[in-house]
Amino acid sequence: MLKIGLLGAGRIGRVHAINIAGHARSQLVAVSDVNEDAAHSLADAYGAKANSSDAILADASIDAVLIATSTDTHSDLIEKATAAGKAVLCEKPVDLSLERAQQCLDAVDKTGVPVMIGFNRRFDPNFSAIRASIAAGEIGKPELLSITSFDPAPPPVAYVKVSGGLFRDMMIHDFDMANFLMGNMPKTVHAAGTSIVDPEIGKVGDVDTAVVTLTYADGRIAVIKNSRRAVYGYDQRVEILGSEGLLSAGNVLENTVSKATKQGVTSAKPEFFFLERYMRAYAAEWDAFVAAILDGAAIPVSLKDGVDALSLAEAATRSAKSGQPVSLA
């Protein structure tokens, strides 16, 4: 039984608490949060104790921690946890600073303690099935990838100010998905972004609508489209064209009912947002982490994967500002 300390009792922390407590081989024993009332409330719901993050990291009886705190704390907490010998599952991104994330990777490598980054979309049944089909050679060599990710509505501007920007906060999932499906990093990143959904987002220096083109050394191309507003729901689609065929994953709908009349054919909207759309993925992600720690399986999403995705986000941010493609070292 893996004894877990949860650092962060906000919205995503509560999602993780459900999976930790509901897993047959893990136990939620402690919760921390800067909001002590939130920590106590979540801990009480699962028979755990509320404590400070430092106290949780110092508790020798705790085997691993799940980090679901604000992004600016991730690198520090990863380093402290691994120095204490605790395995880590940390929400994305590793950090807002690529330089700081690389320092974290260097420090963790010296400890040998396993760290997994929470790119939960890799564990979505649809996207993981696409990856398995690619690995089996069913469409030949992947040549052109298209990723669509539209949120139903923009976040509050107060959140945007501390998020690190659309490329680090939102599109970073898609950068990781491109790496996951294409199998390696691109050579160049070319981004275009604008603020047409909410002018206030532009006023604080971010964009809410963006397209990024990734080009690979062997000529392959990936295109990622993001928007902070899709009035019909959470739009999550992937399409990949290979030398021998095409793979695609459409939206998960609110229900499977369709209506066909002489006026036309209609169906339900996509699931509203990420909590509805990716709950199965979060559960599968946690199961993979537990298996890696208890059974010695490989960490499926490494800290380096997190740094790689952040490097693409950094390159896209620079490209969007300059209007020029950015080459990756």
# chains A, B, ... in the order shown; residues from 1 in each chain; ligands from 1
$ residues_around --residues "range 307-315 of chain A" --least-positions-apart "2" --cutoff "6 Å" --atoms "only C-alpha atoms" --output "PyMOL selection string"
chain A and resi 167-168+172+175-176+304-305+317-318+326
$ residues_around --residues "Ala55 in chain A" --least-positions-apart "5" --cutoff "12 Å" --atoms "only C-alpha atoms" --output "list in words"
Gly5, Leu6, Leu7, Ala30, Val31, Ser32, Asp33, Lys49, Ala50, Ala60, Ser61, Ile62, Val65, Lys80, Ala81 and Ala84 of chain A
$ residues_around --residues "Asn19 in chain A" --least-positions-apart "5" --cutoff "8 Å" --atoms "only C-alpha atoms" --output "ChimeraX atom specification"
/A:282-283,286
$ write_last_selection --atoms "C-alpha atoms" --output "PDB file, in the first residue's frame"
ATOM      1  CA  TYR A 282      -6.827  10.977 -14.446  1.00  0.00           C
ATOM      2  CA  ALA A 283      -7.710   7.582 -12.959  1.00  0.00           C
ATOM      3  CA  TRP A 286      -2.783   7.460 -11.137  1.00  0.00           C
TER       4      TRP A 286
END
$ residues_around --residues "range 224-232 of chain A" --least-positions-apart "4" --cutoff "9 Å" --atoms "only C-alpha atoms" --output "PyMOL selection string"
chain A and resi 145-155+166+170-171+174-175+178+197-198+207-214+269-270+272
$ select_by_dssp --residues "range 135-235 of chain A" --states "alpha helix (DSSP H)" --output "PDB file with C-alpha atoms, in the first residue's frame"
ATOM      1  CA  ALA A 135       3.494   2.017 -32.583  1.00  0.00           C
ATOM      2  CA  VAL A 157      -7.946  37.552 -16.079  1.00  0.00           C
ATOM      3  CA  ALA A 158      -6.636  37.169 -12.521  1.00  0.00           C
ATOM      4  CA  TYR A 159      -5.752  33.568 -13.408  1.00  0.00           C
ATOM      5  CA  VAL A 160      -4.210  34.555 -16.739  1.00  0.00           C
ATOM      6  CA  LYS A 161      -1.827  36.945 -14.958  1.00  0.00           C
ATOM      7  CA  VAL A 162      -0.181  34.098 -13.011  1.00  0.00           C
ATOM      8  CA  SER A 163      -0.621  31.241 -15.504  1.00  0.00           C
ATOM      9  CA  LEU A 166      -1.550  30.243 -23.051  1.00  0.00           C
ATOM     10  CA  PHE A 167       1.459  28.373 -24.435  1.00  0.00           C
ATOM     11  CA  ARG A 168       2.747  27.315 -20.979  1.00  0.00           C
ATOM     12  CA  ASP A 169      -0.637  26.829 -19.328  1.00  0.00           C
ATOM     13  CA  ILE A 172       1.630  22.647 -23.107  1.00  0.00           C
ATOM     14  CA  HIS A 173      -0.719  19.630 -23.037  1.00  0.00           C
ATOM     15  CA  ASP A 174      -0.736  19.662 -26.830  1.00  0.00           C
ATOM     16  CA  PHE A 175       3.031  20.032 -27.067  1.00  0.00           C
ATOM     17  CA  ASP A 176       3.353  16.905 -24.951  1.00  0.00           C
ATOM     18  CA  MET A 177       0.744  15.138 -27.080  1.00  0.00           C
ATOM     19  CA  ALA A 178       2.724  15.998 -30.213  1.00  0.00           C
ATOM     20  CA  ASN A 179       5.872  14.528 -28.636  1.00  0.00           C
ATOM     21  CA  PHE A 180       3.881  11.478 -27.537  1.00  0.00           C
ATOM     22  CA  LEU A 181       2.439  10.794 -30.987  1.00  0.00           C
ATOM     23  CA  MET A 182       5.319  11.897 -33.222  1.00  0.00           C
ATOM     24  CA  PRO A 199      -9.396  42.014 -24.911  1.00  0.00           C
ATOM     25  CA  GLU A 200      -8.520  42.063 -21.214  1.00  0.00           C
ATOM     26  CA  ILE A 201      -6.364  38.962 -21.775  1.00  0.00           C
ATOM     27  CA  GLY A 202      -4.394  40.899 -24.378  1.00  0.00           C
ATOM     28  CA  LYS A 203      -3.978  43.822 -22.009  1.00  0.00           C
TER      29      LYS A 203
END
$ select_by_dssp --residues "range 60-309 of chain A" --states "strand (DSSP E or B)" --output "PyMOL selection string"
chain A and resi 64-67+87-91+115-118+142-150+188-194+209-215+221-227+235-242+245-249+253+258-261+264-267+270+302
$ residues_around --residues "Asn120 in chain A" --least-positions-apart "5" --cutoff "8 Å" --atoms "only C-alpha atoms" --output "short mmCIF file (atom, residue, chain, number, x, y, z; two decimals) with C-alpha atoms, in the first residue's frame"
data_model
loop_
_atom_site.label_atom_id
_atom_site.label_comp_id
_atom_site.auth_asym_id
_atom_site.auth_seq_id
_atom_site.Cartn_x
_atom_site.Cartn_y
_atom_site.Cartn_z
CA TYR A 278 -10.70 13.51 -18.72
CA ALA A 281 -7.58 9.68 -17.95
CA TYR A 282 -6.83 10.98 -14.45
CA GLU A 285 -2.70 8.17 -14.86
#
$ atom_distance --atom1 "CA of Thr73 in chain A" --atom2 "CA of Phe119 in chain A"
17.5 Å
$ residues_around --residues "Arg25 in chain A" --least-positions-apart "2" --cutoff "12 Å" --atoms "only C-alpha atoms" --output "VMD selection string"
chain A and resid 1 to 4 19 to 23 27 to 28 286 to 295
$ write_last_selection --atoms "C-alpha atoms" --output "short mmCIF file (atom, residue, chain, number, x, y, z; two decimals), in the first residue's frame"
data_model
loop_
_atom_site.label_atom_id
_atom_site.label_comp_id
_atom_site.auth_asym_id
_atom_site.auth_seq_id
_atom_site.Cartn_x
_atom_site.Cartn_y
_atom_site.Cartn_z
CA MET A 1 0.00 0.00 0.00
CA LEU A 2 1.47 3.33 -1.13
CA LYS A 3 1.00 6.07 1.47
CA ILE A 4 0.44 9.41 -0.21
CA ASN A 19 -8.28 8.63 -7.37
CA ILE A 20 -5.74 8.22 -4.57
CA ALA A 21 -8.38 7.26 -2.01
CA GLY A 22 -10.26 5.04 -4.46
CA HIS A 23 -7.26 3.01 -5.59
CA GLN A 27 -3.92 5.53 0.70
CA LEU A 28 -4.31 9.27 1.15
CA TRP A 286 -2.78 7.46 -11.14
CA ASP A 287 -2.91 3.71 -11.74
CA ALA A 288 0.19 3.98 -13.94
CA PHE A 289 2.04 5.93 -11.25
CA VAL A 290 1.20 3.39 -8.55
CA ALA A 291 2.30 0.54 -10.82
CA ALA A 292 5.58 2.30 -11.56
CA ILE A 293 6.39 2.79 -7.88
CA LEU A 294 5.16 -0.50 -6.43
CA ASP A 295 5.96 -2.84 -9.34
#
$ atom_distance --atom1 "CA of Ile196 in chain A" --atom2 "CA of Phe273 in chain A"
20.7 Å
$ closest_residue --among "A:Val15, A:Thr215, A:Thr111, A:Gly165" --to "Ser195 in chain A" --atoms "only C-alpha atoms"
A:Gly165
$ residues_around --residues "Asn35 in chain A" --least-positions-apart "5" --cutoff "9 Å" --atoms "only C-alpha atoms" --output "PyMOL selection string"
chain A and resi 8-10+40
$ write_last_selection --atoms "C-alpha atoms" --output "PDB file, in the first residue's frame"
ATOM      1  CA  GLY A   8      -2.654  21.190  -2.908  1.00  0.00           C
ATOM      2  CA  ALA A   9      -6.363  20.972  -2.097  1.00  0.00           C
ATOM      3  CA  GLY A  10      -7.779  23.061  -4.921  1.00  0.00           C
ATOM      4  CA  HIS A  40      -8.737  20.274   6.524  1.00  0.00           C
TER       5      HIS A  40
END
$ decode --residues "range 107-149 of chain A" --atoms "N, CA and C atoms" --output "short mmCIF file (atom, residue, chain, number, x, y, z; two decimals), in the first residue's frame"
data_model
loop_
_atom_site.label_atom_id
_atom_site.label_comp_id
_atom_site.auth_asym_id
_atom_site.auth_seq_id
_atom_site.Cartn_x
_atom_site.Cartn_y
_atom_site.Cartn_z
N ALA A 107 18.91 18.33 -10.75
CA ALA A 107 18.96 17.98 -9.33
C ALA A 107 18.31 16.63 -9.08
N VAL A 108 17.17 16.37 -9.71
CA VAL A 108 16.45 15.11 -9.50
C VAL A 108 17.23 13.93 -10.07
N ASP A 109 17.88 14.14 -11.20
CA ASP A 109 18.66 13.05 -11.81
C ASP A 109 19.71 12.51 -10.85
N LYS A 110 20.24 13.37 -10.00
CA LYS A 110 21.28 12.95 -9.06
C LYS A 110 20.72 12.09 -7.93
N THR A 111 19.42 12.19 -7.68
CA THR A 111 18.83 11.43 -6.58
C THR A 111 18.40 10.03 -7.00
N GLY A 112 18.03 9.88 -8.28
CA GLY A 112 17.52 8.59 -8.75
C GLY A 112 16.10 8.29 -8.30
N VAL A 113 15.42 9.26 -7.68
CA VAL A 113 14.06 9.06 -7.20
C VAL A 113 13.09 9.30 -8.36
N PRO A 114 12.09 8.44 -8.54
CA PRO A 114 11.18 8.59 -9.69
C PRO A 114 10.27 9.80 -9.58
N VAL A 115 10.17 10.52 -10.69
CA VAL A 115 9.28 11.68 -10.80
C VAL A 115 8.46 11.53 -12.08
N MET A 116 7.16 11.69 -11.96
CA MET A 116 6.25 11.62 -13.10
C MET A 116 5.52 12.96 -13.22
N ILE A 117 5.36 13.44 -14.46
CA ILE A 117 4.66 14.69 -14.70
C ILE A 117 3.25 14.39 -15.21
N GLY A 118 2.29 15.19 -14.72
CA GLY A 118 0.88 14.90 -14.95
C GLY A 118 0.32 15.36 -16.28
N PHE A 119 0.82 14.79 -17.35
CA PHE A 119 0.18 15.00 -18.66
C PHE A 119 -0.86 13.91 -18.84
N ASN A 120 -2.01 14.14 -18.23
CA ASN A 120 -3.03 13.10 -18.13
C ASN A 120 -3.60 12.68 -19.49
N ARG A 121 -3.50 13.55 -20.49
CA ARG A 121 -4.13 13.23 -21.77
C ARG A 121 -3.47 12.01 -22.44
N ARG A 122 -2.26 11.72 -22.10
CA ARG A 122 -1.63 10.50 -22.63
C ARG A 122 -2.41 9.25 -22.23
N PHE A 123 -3.16 9.36 -21.14
CA PHE A 123 -3.87 8.19 -20.60
C PHE A 123 -5.33 8.16 -21.02
N ASP A 124 -5.75 9.15 -21.78
CA ASP A 124 -7.10 9.11 -22.34
C ASP A 124 -7.22 7.88 -23.24
N PRO A 125 -8.29 7.10 -23.11
CA PRO A 125 -8.40 5.87 -23.91
C PRO A 125 -8.30 6.10 -25.41
N ASN A 126 -8.84 7.21 -25.89
CA ASN A 126 -8.81 7.50 -27.32
C ASN A 126 -7.40 7.82 -27.81
N PHE A 127 -6.73 8.72 -27.09
CA PHE A 127 -5.40 9.13 -27.52
C PHE A 127 -4.37 8.02 -27.32
N SER A 128 -4.52 7.24 -26.25
CA SER A 128 -3.59 6.13 -26.05
C SER A 128 -3.80 5.05 -27.10
N ALA A 129 -5.04 4.90 -27.59
CA ALA A 129 -5.30 3.94 -28.66
C ALA A 129 -4.64 4.40 -29.97
N ILE A 130 -4.65 5.70 -30.22
CA ILE A 130 -3.95 6.23 -31.40
C ILE A 130 -2.46 5.95 -31.30
N ARG A 131 -1.90 6.19 -30.12
CA ARG A 131 -0.46 5.94 -29.94
C ARG A 131 -0.14 4.46 -30.16
N ALA A 132 -0.98 3.57 -29.67
CA ALA A 132 -0.75 2.14 -29.85
C ALA A 132 -0.82 1.76 -31.32
N SER A 133 -1.75 2.36 -32.05
CA SER A 133 -1.86 2.06 -33.48
C SER A 133 -0.64 2.55 -34.25
N ILE A 134 -0.14 3.72 -33.87
CA ILE A 134 1.09 4.23 -34.52
C ILE A 134 2.25 3.29 -34.24
N ALA A 135 2.39 2.90 -32.96
CA ALA A 135 3.49 2.02 -32.58
C ALA A 135 3.42 0.68 -33.30
N ALA A 136 2.21 0.22 -33.62
CA ALA A 136 2.03 -1.04 -34.32
C ALA A 136 2.24 -0.91 -35.82
N GLY A 137 2.49 0.30 -36.29
CA GLY A 137 2.74 0.51 -37.71
C GLY A 137 1.50 0.49 -38.57
N GLU A 138 0.33 0.69 -37.99
CA GLU A 138 -0.91 0.52 -38.73
C GLU A 138 -1.16 1.60 -39.78
N ILE A 139 -0.54 2.77 -39.64
CA ILE A 139 -0.70 3.81 -40.67
C ILE A 139 0.66 4.17 -41.29
N GLY A 140 1.62 3.30 -41.13
CA GLY A 140 2.94 3.59 -41.67
C GLY A 140 3.63 4.69 -40.87
N LYS A 141 4.40 5.52 -41.54
CA LYS A 141 5.13 6.59 -40.88
C LYS A 141 4.22 7.80 -40.70
N PRO A 142 4.04 8.30 -39.46
CA PRO A 142 3.25 9.51 -39.25
C PRO A 142 3.90 10.70 -39.97
N GLU A 143 3.09 11.45 -40.71
CA GLU A 143 3.65 12.55 -41.50
C GLU A 143 3.03 13.91 -41.19
N LEU A 144 1.74 13.93 -40.87
CA LEU A 144 1.07 15.21 -40.63
C LEU A 144 0.10 15.04 -39.46
N LEU A 145 0.34 15.80 -38.38
CA LEU A 145 -0.46 15.73 -37.17
C LEU A 145 -1.24 17.02 -36.98
N SER A 146 -2.50 16.89 -36.61
CA SER A 146 -3.33 18.05 -36.29
C SER A 146 -3.96 17.85 -34.92
N ILE A 147 -3.76 18.82 -34.03
CA ILE A 147 -4.32 18.76 -32.67
C ILE A 147 -5.20 19.99 -32.46
N THR A 148 -6.43 19.76 -32.08
CA THR A 148 -7.38 20.84 -31.79
C THR A 148 -7.73 20.80 -30.31
N SER A 149 -7.58 21.94 -29.63
CA SER A 149 -7.92 22.02 -28.21
C SER A 149 -8.53 23.39 -27.93
#
